[in-house]
Amino acid sequence: MTRNIPKSKQKTSMIKEQTAMYTPSIQPVEKYNEEVYAKGYIFACTNKTERECFEHMIFSSNKLYAENVLRIAKGDLLFLFNIDKDQLCGLFKAKSEGKKNIIPEAWEGKYPYQVEVEKVGEIKIIKNAKKNLSQMGINWGRILNKGKLDLLLNYIQNPEKFDWNSVKKEISADEEEQPRLESTTLWDHPKQSYGKTPKGNNRYPGVTPAFIIYNMIKRYTEPGDLVVDPMAGSGTTLDVCKEEGRKCICYEISPTRPDIIQNDARNIPLSDNSVDMIFIDSPYGDNIRYNDHPDNIGKISSESEKFYDELEKVMKECYRILRPGKVLGWLIGDQWVKKKFTPVGLKVYERLCKYFEPVDIICVVRRGQTSNTPLWHNRALRFNFFLRGFKYLLIVRKQEQESKEPLKREVKWTQYERIKK
Ligand SMILES: C[S@@+](CC[C@H](N)C(=O)[O-])C[C@H]1O[C@@H](n2cnc3c(N)ncnc32)[C@H](O)[C@@H]1O
């Protein structure tokens, strides 16, 4: 059948044939050309939420996966993964684009990012889905590119005859497109950037690891929200926000590119209560020479109180522009210089807590340090000091509103009984 078709077109025509097997009477095969179903998506559900998926013929997700759901186009191919049963079922087709609140009251409003779906042919089920998907390098909640979608279509059609060698090729071709969503307070990522386009400039001194900003905006904002970075350096925040569909304004004392506005972070030209999230990776003292601008706070030593006084002016501005209930993430590291340790992170946290309420503290593993050499490791052991191994990501929130009465909290701790011998 593929004898007269050029090699590049053979893959497409093979998929058409596979799809045809699922769609004997629904769609003419020609409809599934490359543009119509260039991508796929796996929604997740539990035993509790599955019923509503089929009742409404709507698949849905919470805000963590919002921008991926919003990327779903009419005609994309969809699957539903029941986490409790560990089963993936398909095939479905998007009947609408991904949208917010097609049925606002469904799932009690907990999963507002939704898409209307319809069945494509006879529904098939993949058992042990978690293991099988992981072996194919496929994650639910992420857009499946054409290569991954091909794998899944091949597998679901005939698991016994599935060619596992095709997986290796696909995984190596697919560079990590989105970082992992972190669920603990220890964050570690091997690279400064991810995906096909650069995020910030990894040659900029003190550039922020992009996955930190990615995790912050996923947790604390929704698509379309406004994020501000008052000390933007090479613009990592701008690039991450752009890709994730967030509005973003970046300021910097000495801008490195035209889409960053020149401004001193101690005086931000935005109105009160107008911003949905702020991310700052401030100087940690005078350890890095960013630029020679006279108002660069990175020229002040973190051993002096002046450094914290100037950062406190930035905090006050952040507090003013942030909407009540919204979050600020501040990345900061400690200093050990010439036999003196300065707990910069804790000192900054103390100042932050004068204005904001604490949300959490994340320990971010430091990678690519210039001191990460055998010589410095040896010195650290010989002269009895520690090399910096982590930074703090301090997460704080602007209070929703003054509450007159103290919160009543009843905590039920899990009781562990000692086993009596
Ligand atoms: C750690 S870097 C930020 C890195 C940035 N997030 C990135 O990924 O490239 C800190 C930045 O704060 C800037 N800065 C220092 N003082 C400032 C001030 N008063 N107002 C605005 N930016 C300032 C420095 O120029 C430097 O670029």
# chains A, B, ... in the order shown; residues from 1 in each chain; ligands from 1
$ residues_around --residues "region 189-198 of chain A" --least-positions-apart "2" --cutoff "8 Å" --atoms "only C-alpha atoms" --output "list in words"
Glu175, Glu176, Glu177, Gln178, Pro179, Trp187, Gly200, Asn201, Asn202, Val207, Thr208, Pro209, Ala210, Phe211, Asp239, Val365 and Arg367 of chain A
$ write_last_selection --atoms "C-alpha atoms" --output "PDB file, in the first residue's frame"
ATOM      1  CA  GLU A 175      14.197  16.429  24.504  1.00  0.00           C
ATOM      2  CA  GLU A 176      12.652  17.157  27.871  1.00  0.00           C
ATOM      3  CA  GLU A 177      10.022  19.736  26.965  1.00  0.00           C
ATOM      4  CA  GLN A 178       8.608  20.662  30.349  1.00  0.00           C
ATOM      5  CA  PRO A 179      10.166  20.265  33.782  1.00  0.00           C
ATOM      6  CA  TRP A 187      13.951  20.850  44.297  1.00  0.00           C
ATOM      7  CA  GLY A 200      16.975  33.552  29.978  1.00  0.00           C
ATOM      8  CA  ASN A 201      20.629  33.480  29.090  1.00  0.00           C
ATOM      9  CA  ASN A 202      22.640  30.759  30.771  1.00  0.00           C
ATOM     10  CA  VAL A 207      20.908  33.371  35.907  1.00  0.00           C
ATOM     11  CA  THR A 208      17.885  31.692  37.530  1.00  0.00           C
ATOM     12  CA  PRO A 209      17.152  28.001  36.858  1.00  0.00           C
ATOM     13  CA  ALA A 210      14.013  28.199  34.723  1.00  0.00           C
ATOM     14  CA  PHE A 211      12.299  25.207  36.337  1.00  0.00           C
ATOM     15  CA  ASP A 239      10.546  33.529  28.691  1.00  0.00           C
ATOM     16  CA  VAL A 365      19.949  22.261  44.996  1.00  0.00           C
ATOM     17  CA  ARG A 367      24.294  23.069  40.424  1.00  0.00           C
TER      18      ARG A 367
END
$ residues_around --residues "Pro104 (chain A)" --least-positions-apart "5" --cutoff "12 Å" --atoms "only C-alpha atoms" --output "list in words"
His56, Ile58, Ser60, Lys99, Gly109, Lys110, Tyr111, Pro112, Tyr113 and Gln114 of chain A
$ write_last_selection --atoms "N, CA and C atoms" --output "PDB file, in the first residue's frame"
ATOM      1  N   HIS A  56     -21.041  13.788  31.325  1.00  0.00           N
ATOM      2  CA  HIS A  56     -21.052  15.040  30.546  1.00  0.00           C
ATOM      3  C   HIS A  56     -20.336  14.889  29.211  1.00  0.00           C
ATOM      4  N   ILE A  58     -17.202  15.156  29.012  1.00  0.00           N
ATOM      5  CA  ILE A  58     -16.232  16.246  29.153  1.00  0.00           C
ATOM      6  C   ILE A  58     -15.068  15.706  29.962  1.00  0.00           C
ATOM      7  N   SER A  60     -11.511  16.832  32.087  1.00  0.00           N
ATOM      8  CA  SER A  60     -11.177  18.095  32.752  1.00  0.00           C
ATOM      9  C   SER A  60      -9.893  17.973  33.559  1.00  0.00           C
ATOM     10  N   LYS A  99     -11.154  24.677  27.075  1.00  0.00           N
ATOM     11  CA  LYS A  99     -11.652  25.975  27.544  1.00  0.00           C
ATOM     12  C   LYS A  99     -11.798  25.936  29.055  1.00  0.00           C
ATOM     13  N   GLY A 109     -16.627  22.323  40.665  1.00  0.00           N
ATOM     14  CA  GLY A 109     -15.741  23.427  40.277  1.00  0.00           C
ATOM     15  C   GLY A 109     -14.257  23.150  40.482  1.00  0.00           C
ATOM     16  N   LYS A 110     -13.919  21.887  40.852  1.00  0.00           N
ATOM     17  CA  LYS A 110     -12.505  21.621  41.164  1.00  0.00           C
ATOM     18  C   LYS A 110     -11.649  21.437  39.910  1.00  0.00           C
ATOM     19  N   TYR A 111     -12.278  21.129  38.801  1.00  0.00           N
ATOM     20  CA  TYR A 111     -11.519  20.872  37.564  1.00  0.00           C
ATOM     21  C   TYR A 111     -12.066  21.744  36.438  1.00  0.00           C
ATOM     22  N   PRO A 112     -11.726  23.040  36.472  1.00  0.00           N
ATOM     23  CA  PRO A 112     -12.371  23.981  35.538  1.00  0.00           C
ATOM     24  C   PRO A 112     -11.853  23.950  34.103  1.00  0.00           C
ATOM     25  N   TYR A 113     -10.676  23.333  33.864  1.00  0.00           N
ATOM     26  CA  TYR A 113     -10.127  23.352  32.500  1.00  0.00           C
ATOM     27  C   TYR A 113     -10.628  22.117  31.764  1.00  0.00           C
ATOM     28  N   GLN A 114     -11.493  22.351  30.769  1.00  0.00           N
ATOM     29  CA  GLN A 114     -12.300  21.249  30.244  1.00  0.00           C
ATOM     30  C   GLN A 114     -12.299  21.209  28.711  1.00  0.00           C
TER      31      GLN A 114
END
$ closest_atom_pairs --of "chain A" --to "ligand 1" --cutoff "9 Å" --atoms "only C-alpha atoms and all ligand atoms" --output "JSON lines"
{"residue": "A:Lys199", "atom": "CA", "partner": "ligand 1", "partner_atom_place_in_ligand_line": "8 (O)", "distance": 7.9}
{"residue": "A:Gly200", "atom": "CA", "partner": "ligand 1", "partner_atom_place_in_ligand_line": "8 (O)", "distance": 5.4}
{"residue": "A:Asn201", "atom": "CA", "partner": "ligand 1", "partner_atom_place_in_ligand_line": "9 (O)", "distance": 6.4}
{"residue": "A:Asn202", "atom": "CA", "partner": "ligand 1", "partner_atom_place_in_ligand_line": "9 (O)", "distance": 7.7}
{"residue": "A:Arg203", "atom": "CA", "partner": "ligand 1", "partner_atom_place_in_ligand_line": "9 (O)", "distance": 8.8}
{"residue": "A:Tyr204", "atom": "CA", "partner": "ligand 1", "partner_atom_place_in_ligand_line": "9 (O)", "distance": 6.0}
{"residue": "A:Pro205", "atom": "CA", "partner": "ligand 1", "partner_atom_place_in_ligand_line": "2 (S)", "distance": 7.1}
{"residue": "A:Gly206", "atom": "CA", "partner": "ligand 1", "partner_atom_place_in_ligand_line": "1 (C)", "distance": 4.5}
{"residue": "A:Val207", "atom": "CA", "partner": "ligand 1", "partner_atom_place_in_ligand_line": "8 (O)", "distance": 3.8}
{"residue": "A:Thr208", "atom": "CA", "partner": "ligand 1", "partner_atom_place_in_ligand_line": "8 (O)", "distance": 3.7}
{"residue": "A:Pro209", "atom": "CA", "partner": "ligand 1", "partner_atom_place_in_ligand_line": "8 (O)", "distance": 6.8}
{"residue": "A:Ala210", "atom": "CA", "partner": "ligand 1", "partner_atom_place_in_ligand_line": "8 (O)", "distance": 7.3}
{"residue": "A:Asp229", "atom": "CA", "partner": "ligand 1", "partner_atom_place_in_ligand_line": "6 (N)", "distance": 7.7}
{"residue": "A:Pro230", "atom": "CA", "partner": "ligand 1", "partner_atom_place_in_ligand_line": "21 (C)", "distance": 5.8}
{"residue": "A:Met231", "atom": "CA", "partner": "ligand 1", "partner_atom_place_in_ligand_line": "22 (N)", "distance": 3.8}
{"residue": "A:Ala232", "atom": "CA", "partner": "ligand 1", "partner_atom_place_in_ligand_line": "5 (C)", "distance": 4.6}
{"residue": "A:Gly233", "atom": "CA", "partner": "ligand 1", "partner_atom_place_in_ligand_line": "27 (O)", "distance": 3.4}
{"residue": "A:Ser234", "atom": "CA", "partner": "ligand 1", "partner_atom_place_in_ligand_line": "9 (O)", "distance": 3.5}
{"residue": "A:Gly235", "atom": "CA", "partner": "ligand 1", "partner_atom_place_in_ligand_line": "9 (O)", "distance": 5.2}
{"residue": "A:Thr236", "atom": "CA", "partner": "ligand 1", "partner_atom_place_in_ligand_line": "8 (O)", "distance": 4.3}
{"residue": "A:Thr237", "atom": "CA", "partner": "ligand 1", "partner_atom_place_in_ligand_line": "6 (N)", "distance": 6.6}
{"residue": "A:Tyr251", "atom": "CA", "partner": "ligand 1", "partner_atom_place_in_ligand_line": "21 (C)", "distance": 6.3}
{"residue": "A:Glu252", "atom": "CA", "partner": "ligand 1", "partner_atom_place_in_ligand_line": "22 (N)", "distance": 4.0}
{"residue": "A:Ile253", "atom": "CA", "partner": "ligand 1", "partner_atom_place_in_ligand_line": "21 (C)", "distance": 4.0}
{"residue": "A:Ser254", "atom": "CA", "partner": "ligand 1", "partner_atom_place_in_ligand_line": "25 (O)", "distance": 5.6}
{"residue": "A:Pro255", "atom": "CA", "partner": "ligand 1", "partner_atom_place_in_ligand_line": "25 (O)", "distance": 7.7}
{"residue": "A:Thr256", "atom": "CA", "partner": "ligand 1", "partner_atom_place_in_ligand_line": "27 (O)", "distance": 8.3}
{"residue": "A:Gln262", "atom": "CA", "partner": "ligand 1", "partner_atom_place_in_ligand_line": "21 (C)", "distance": 7.8}
{"residue": "A:Asn263", "atom": "CA", "partner": "ligand 1", "partner_atom_place_in_ligand_line": "21 (C)", "distance": 5.9}
{"residue": "A:Asp264", "atom": "CA", "partner": "ligand 1", "partner_atom_place_in_ligand_line": "20 (N)", "distance": 3.6}
{"residue": "A:Ala265", "atom": "CA", "partner": "ligand 1", "partner_atom_place_in_ligand_line": "20 (N)", "distance": 3.9}
{"residue": "A:Arg266", "atom": "CA", "partner": "ligand 1", "partner_atom_place_in_ligand_line": "19 (N)", "distance": 6.2}
{"residue": "A:Asn267", "atom": "CA", "partner": "ligand 1", "partner_atom_place_in_ligand_line": "20 (N)", "distance": 8.4}
{"residue": "A:Phe279", "atom": "CA", "partner": "ligand 1", "partner_atom_place_in_ligand_line": "6 (N)", "distance": 8.3}
{"residue": "A:Ile280", "atom": "CA", "partner": "ligand 1", "partner_atom_place_in_ligand_line": "6 (N)", "distance": 6.7}
{"residue": "A:Asp281", "atom": "CA", "partner": "ligand 1", "partner_atom_place_in_ligand_line": "1 (C)", "distance": 4.8}
{"residue": "A:Ser282", "atom": "CA", "partner": "ligand 1", "partner_atom_place_in_ligand_line": "10 (C)", "distance": 4.4}
{"residue": "A:Pro283", "atom": "CA", "partner": "ligand 1", "partner_atom_place_in_ligand_line": "10 (C)", "distance": 4.7}
{"residue": "A:Tyr284", "atom": "CA", "partner": "ligand 1", "partner_atom_place_in_ligand_line": "1 (C)", "distance": 7.5}
{"residue": "A:Ile288", "atom": "CA", "partner": "ligand 1", "partner_atom_place_in_ligand_line": "1 (C)", "distance": 8.5}
{"residue": "A:Arg289", "atom": "CA", "partner": "ligand 1", "partner_atom_place_in_ligand_line": "25 (O)", "distance": 8.5}
{"residue": "A:Tyr290", "atom": "CA", "partner": "ligand 1", "partner_atom_place_in_ligand_line": "25 (O)", "distance": 5.2}
{"residue": "A:Asn291", "atom": "CA", "partner": "ligand 1", "partner_atom_place_in_ligand_line": "25 (O)", "distance": 6.0}
{"residue": "A:Asp292", "atom": "CA", "partner": "ligand 1", "partner_atom_place_in_ligand_line": "25 (O)", "distance": 8.6}
{"residue": "A:His293", "atom": "CA", "partner": "ligand 1", "partner_atom_place_in_ligand_line": "25 (O)", "distance": 7.9}
{"residue": "A:Pro294", "atom": "CA", "partner": "ligand 1", "partner_atom_place_in_ligand_line": "19 (N)", "distance": 8.8}
{"residue": "A:Asp295", "atom": "CA", "partner": "ligand 1", "partner_atom_place_in_ligand_line": "19 (N)", "distance": 5.2}
{"residue": "A:Asn296", "atom": "CA", "partner": "ligand 1", "partner_atom_place_in_ligand_line": "16 (N)", "distance": 3.5}
{"residue": "A:Ile297", "atom": "CA", "partner": "ligand 1", "partner_atom_place_in_ligand_line": "16 (N)", "distance": 3.9}
{"residue": "A:Gly298", "atom": "CA", "partner": "ligand 1", "partner_atom_place_in_ligand_line": "15 (C)", "distance": 5.1}
{"residue": "A:Lys299", "atom": "CA", "partner": "ligand 1", "partner_atom_place_in_ligand_line": "15 (C)", "distance": 8.0}
{"residue": "A:Glu310", "atom": "CA", "partner": "ligand 1", "partner_atom_place_in_ligand_line": "19 (N)", "distance": 8.2}
{"residue": "A:Leu311", "atom": "CA", "partner": "ligand 1", "partner_atom_place_in_ligand_line": "19 (N)", "distance": 8.5}
{"residue": "A:Val314", "atom": "CA", "partner": "ligand 1", "partner_atom_place_in_ligand_line": "19 (N)", "distance": 8.1}
{"residue": "A:Leu331", "atom": "CA", "partner": "ligand 1", "partner_atom_place_in_ligand_line": "1 (C)", "distance": 8.3}
{"residue": "A:Ile332", "atom": "CA", "partner": "ligand 1", "partner_atom_place_in_ligand_line": "1 (C)", "distance": 8.4}
$ residues_around --residues "Ser302 (chain A)" --least-positions-apart "5" --cutoff "7 Å" --atoms "only C-alpha atoms" --output "list in words"
Tyr284, Gly285, Asp286, Phe307 and Val344 of chain A
$ residues_around --residues "Ile72 (chain A)" --least-positions-apart "2" --cutoff "10 Å" --atoms "only C-alpha atoms" --output "list in words"
Lys39, Gly40, Tyr41, Glu67, Asn68, Val69, Leu70, Lys74, Gly75, Asp76, Leu77, Leu78, Ala94, Ser96, Glu97, Gly98, Lys99, Gln114, Val115 and Ile143 of chain A
$ residues_around --residues "Glu52 (chain A)" --least-positions-apart "3" --cutoff "12 Å" --atoms "only C-alpha atoms" --output "JSON, numbers by chain"
{"A": [45, 46, 47, 48, 49, 55, 56, 57, 58, 59, 60, 103, 105, 106, 107, 108, 111]}
$ residues_around --residues "Trp330 (chain A)" --least-positions-apart "3" --cutoff "12 Å" --atoms "only C-alpha atoms" --output "JSON, numbers by chain"
{"A": [208, 212, 213, 216, 229, 230, 231, 277, 278, 279, 280, 281, 282, 283, 284, 311, 314, 315, 318, 327, 333, 345, 346, 348, 349, 351, 352, 356, 358, 359, 360, 361, 362, 363, 364, 391, 392, 393, 394, 395, 396, 397]}
$ select_by_dssp --residues "region 157-321 of chain A" --states "alpha helix (DSSP H)" --output "VMD selection string"
chain A and resid 157 165 to 173 210 to 220 236 to 243 305 to 321
$ write_last_selection --atoms "N, CA and C atoms" --output "short mmCIF file (atom, residue, chain, number, x, y, z; two decimals), in the first residue's frame"
data_model
loop_
_atom_site.label_atom_id
_atom_site.label_comp_id
_atom_site.auth_asym_id
_atom_site.auth_seq_id
_atom_site.Cartn_x
_atom_site.Cartn_y
_atom_site.Cartn_z
N GLN A 157 -3.72 -0.31 19.89
CA GLN A 157 -4.33 -1.10 18.82
C GLN A 157 -3.96 -2.58 18.94
N ASN A 165 11.14 -1.40 20.33
CA ASN A 165 12.33 -0.71 19.82
C ASN A 165 11.99 0.68 19.30
N SER A 166 10.73 0.85 18.84
CA SER A 166 10.34 2.16 18.33
C SER A 166 10.32 3.19 19.48
N VAL A 167 10.18 2.72 20.73
CA VAL A 167 10.12 3.63 21.87
C VAL A 167 11.46 4.31 22.06
N LYS A 168 12.54 3.52 21.99
CA LYS A 168 13.88 4.08 22.24
C LYS A 168 14.14 5.26 21.33
N LYS A 169 13.80 5.08 20.05
CA LYS A 169 14.07 6.15 19.08
C LYS A 169 13.28 7.41 19.44
N GLU A 170 12.02 7.20 19.81
CA GLU A 170 11.14 8.33 20.09
C GLU A 170 11.60 9.08 21.34
N ILE A 171 12.01 8.33 22.38
CA ILE A 171 12.43 8.98 23.62
C ILE A 171 13.68 9.82 23.38
N SER A 172 14.64 9.27 22.62
CA SER A 172 15.86 10.05 22.42
C SER A 172 15.60 11.27 21.54
N ALA A 173 14.59 11.21 20.67
CA ALA A 173 14.29 12.36 19.82
C ALA A 173 13.56 13.46 20.61
N ALA A 210 15.36 27.92 35.22
CA ALA A 210 14.01 28.20 34.72
C ALA A 210 12.94 27.32 35.37
N PHE A 211 13.31 26.11 35.79
CA PHE A 211 12.30 25.21 36.34
C PHE A 211 11.70 25.74 37.64
N ILE A 212 12.44 26.61 38.34
CA ILE A 212 11.92 27.19 39.60
C ILE A 212 10.74 28.10 39.26
N ILE A 213 10.95 28.95 38.26
CA ILE A 213 9.89 29.89 37.87
C ILE A 213 8.69 29.10 37.31
N TYR A 214 9.00 28.06 36.53
CA TYR A 214 7.94 27.20 35.96
C TYR A 214 7.07 26.62 37.09
N ASN A 215 7.72 26.08 38.12
CA ASN A 215 6.96 25.49 39.22
C ASN A 215 6.17 26.54 39.99
N MET A 216 6.75 27.73 40.16
CA MET A 216 6.04 28.79 40.89
C MET A 216 4.78 29.23 40.15
N ILE A 217 4.90 29.45 38.83
CA ILE A 217 3.71 29.96 38.13
C ILE A 217 2.65 28.87 37.98
N LYS A 218 3.09 27.61 37.89
CA LYS A 218 2.11 26.52 37.80
C LYS A 218 1.28 26.44 39.06
N ARG A 219 1.94 26.60 40.20
CA ARG A 219 1.22 26.47 41.48
C ARG A 219 0.37 27.67 41.81
N TYR A 220 0.91 28.86 41.54
CA TYR A 220 0.29 30.05 42.13
C TYR A 220 -0.38 30.98 41.13
N THR A 236 14.70 35.37 32.42
CA THR A 236 14.20 33.99 32.48
C THR A 236 12.69 33.97 32.78
N THR A 237 12.26 34.85 33.69
CA THR A 237 10.84 34.88 34.06
C THR A 237 9.97 35.20 32.84
N LEU A 238 10.47 36.16 32.04
CA LEU A 238 9.72 36.57 30.84
C LEU A 238 9.54 35.39 29.89
N ASP A 239 10.60 34.63 29.66
CA ASP A 239 10.55 33.53 28.69
C ASP A 239 9.65 32.38 29.18
N VAL A 240 9.74 32.08 30.49
CA VAL A 240 8.90 31.00 31.02
C VAL A 240 7.43 31.41 30.94
N CYS A 241 7.15 32.66 31.34
CA CYS A 241 5.75 33.13 31.35
C CYS A 241 5.16 33.13 29.94
N LYS A 242 5.95 33.56 28.99
CA LYS A 242 5.49 33.62 27.60
C LYS A 242 5.05 32.23 27.14
N GLU A 243 5.88 31.24 27.43
CA GLU A 243 5.57 29.88 26.98
C GLU A 243 4.35 29.30 27.70
N GLU A 305 24.11 45.69 57.24
CA GLU A 305 22.65 45.80 57.39
C GLU A 305 22.04 46.59 56.25
N LYS A 306 22.84 47.45 55.64
CA LYS A 306 22.33 48.28 54.53
C LYS A 306 21.77 47.40 53.41
N PHE A 307 22.43 46.28 53.17
CA PHE A 307 21.97 45.36 52.12
C PHE A 307 20.52 44.95 52.37
N TYR A 308 20.22 44.59 53.63
CA TYR A 308 18.85 44.13 53.96
C TYR A 308 17.88 45.31 53.97
N ASP A 309 18.37 46.50 54.38
CA ASP A 309 17.51 47.69 54.38
C ASP A 309 17.05 48.01 52.95
N GLU A 310 17.98 47.89 52.00
CA GLU A 310 17.64 48.19 50.60
C GLU A 310 16.68 47.13 50.05
N LEU A 311 16.94 45.85 50.39
CA LEU A 311 16.02 44.79 49.93
C LEU A 311 14.65 44.96 50.56
N GLU A 312 14.64 45.49 51.78
CA GLU A 312 13.32 45.68 52.44
C GLU A 312 12.48 46.71 51.68
N LYS A 313 13.15 47.69 51.08
CA LYS A 313 12.40 48.67 50.26
C LYS A 313 11.75 47.96 49.07
N VAL A 314 12.46 46.97 48.52
CA VAL A 314 11.90 46.19 47.39
C VAL A 314 10.70 45.38 47.89
N MET A 315 10.85 44.79 49.09
CA MET A 315 9.76 43.97 49.65
C MET A 315 8.49 44.81 49.84
N LYS A 316 8.68 46.04 50.33
CA LYS A 316 7.53 46.94 50.58
C LYS A 316 6.79 47.23 49.28
N GLU A 317 7.57 47.46 48.21
CA GLU A 317 6.97 47.71 46.89
C GLU A 317 6.21 46.48 46.39
N CYS A 318 6.83 45.32 46.60
CA CYS A 318 6.18 44.06 46.18
C CYS A 318 4.85 43.91 46.92
N TYR A 319 4.88 44.21 48.20
CA TYR A 319 3.67 44.08 49.02
C TYR A 319 2.57 45.02 48.47
N ARG A 320 2.97 46.21 48.12
CA ARG A 320 2.00 47.21 47.64
C ARG A 320 1.34 46.77 46.33
N ILE A 321 2.13 46.26 45.38
CA ILE A 321 1.56 45.98 44.05
C ILE A 321 0.84 44.62 43.98
#
$ residues_around --residues "Asp225 (chain A)" --least-positions-apart "5" --cutoff "7 Å" --atoms "only C-alpha atoms" --output "list in words"
Arg246, Lys247 and Asp276 of chain A
$ atom_distance --atom1 "CA of Ala73 (chain A)" --atom2 "CA of Leu88 (chain A)"
20.9 Å
$ closest_residue --among "A:Asn62, A:Gly121, A:Trp413, A:Glu400" --to "Arg323 (chain A)" --atoms "only C-alpha atoms"
A:Glu400
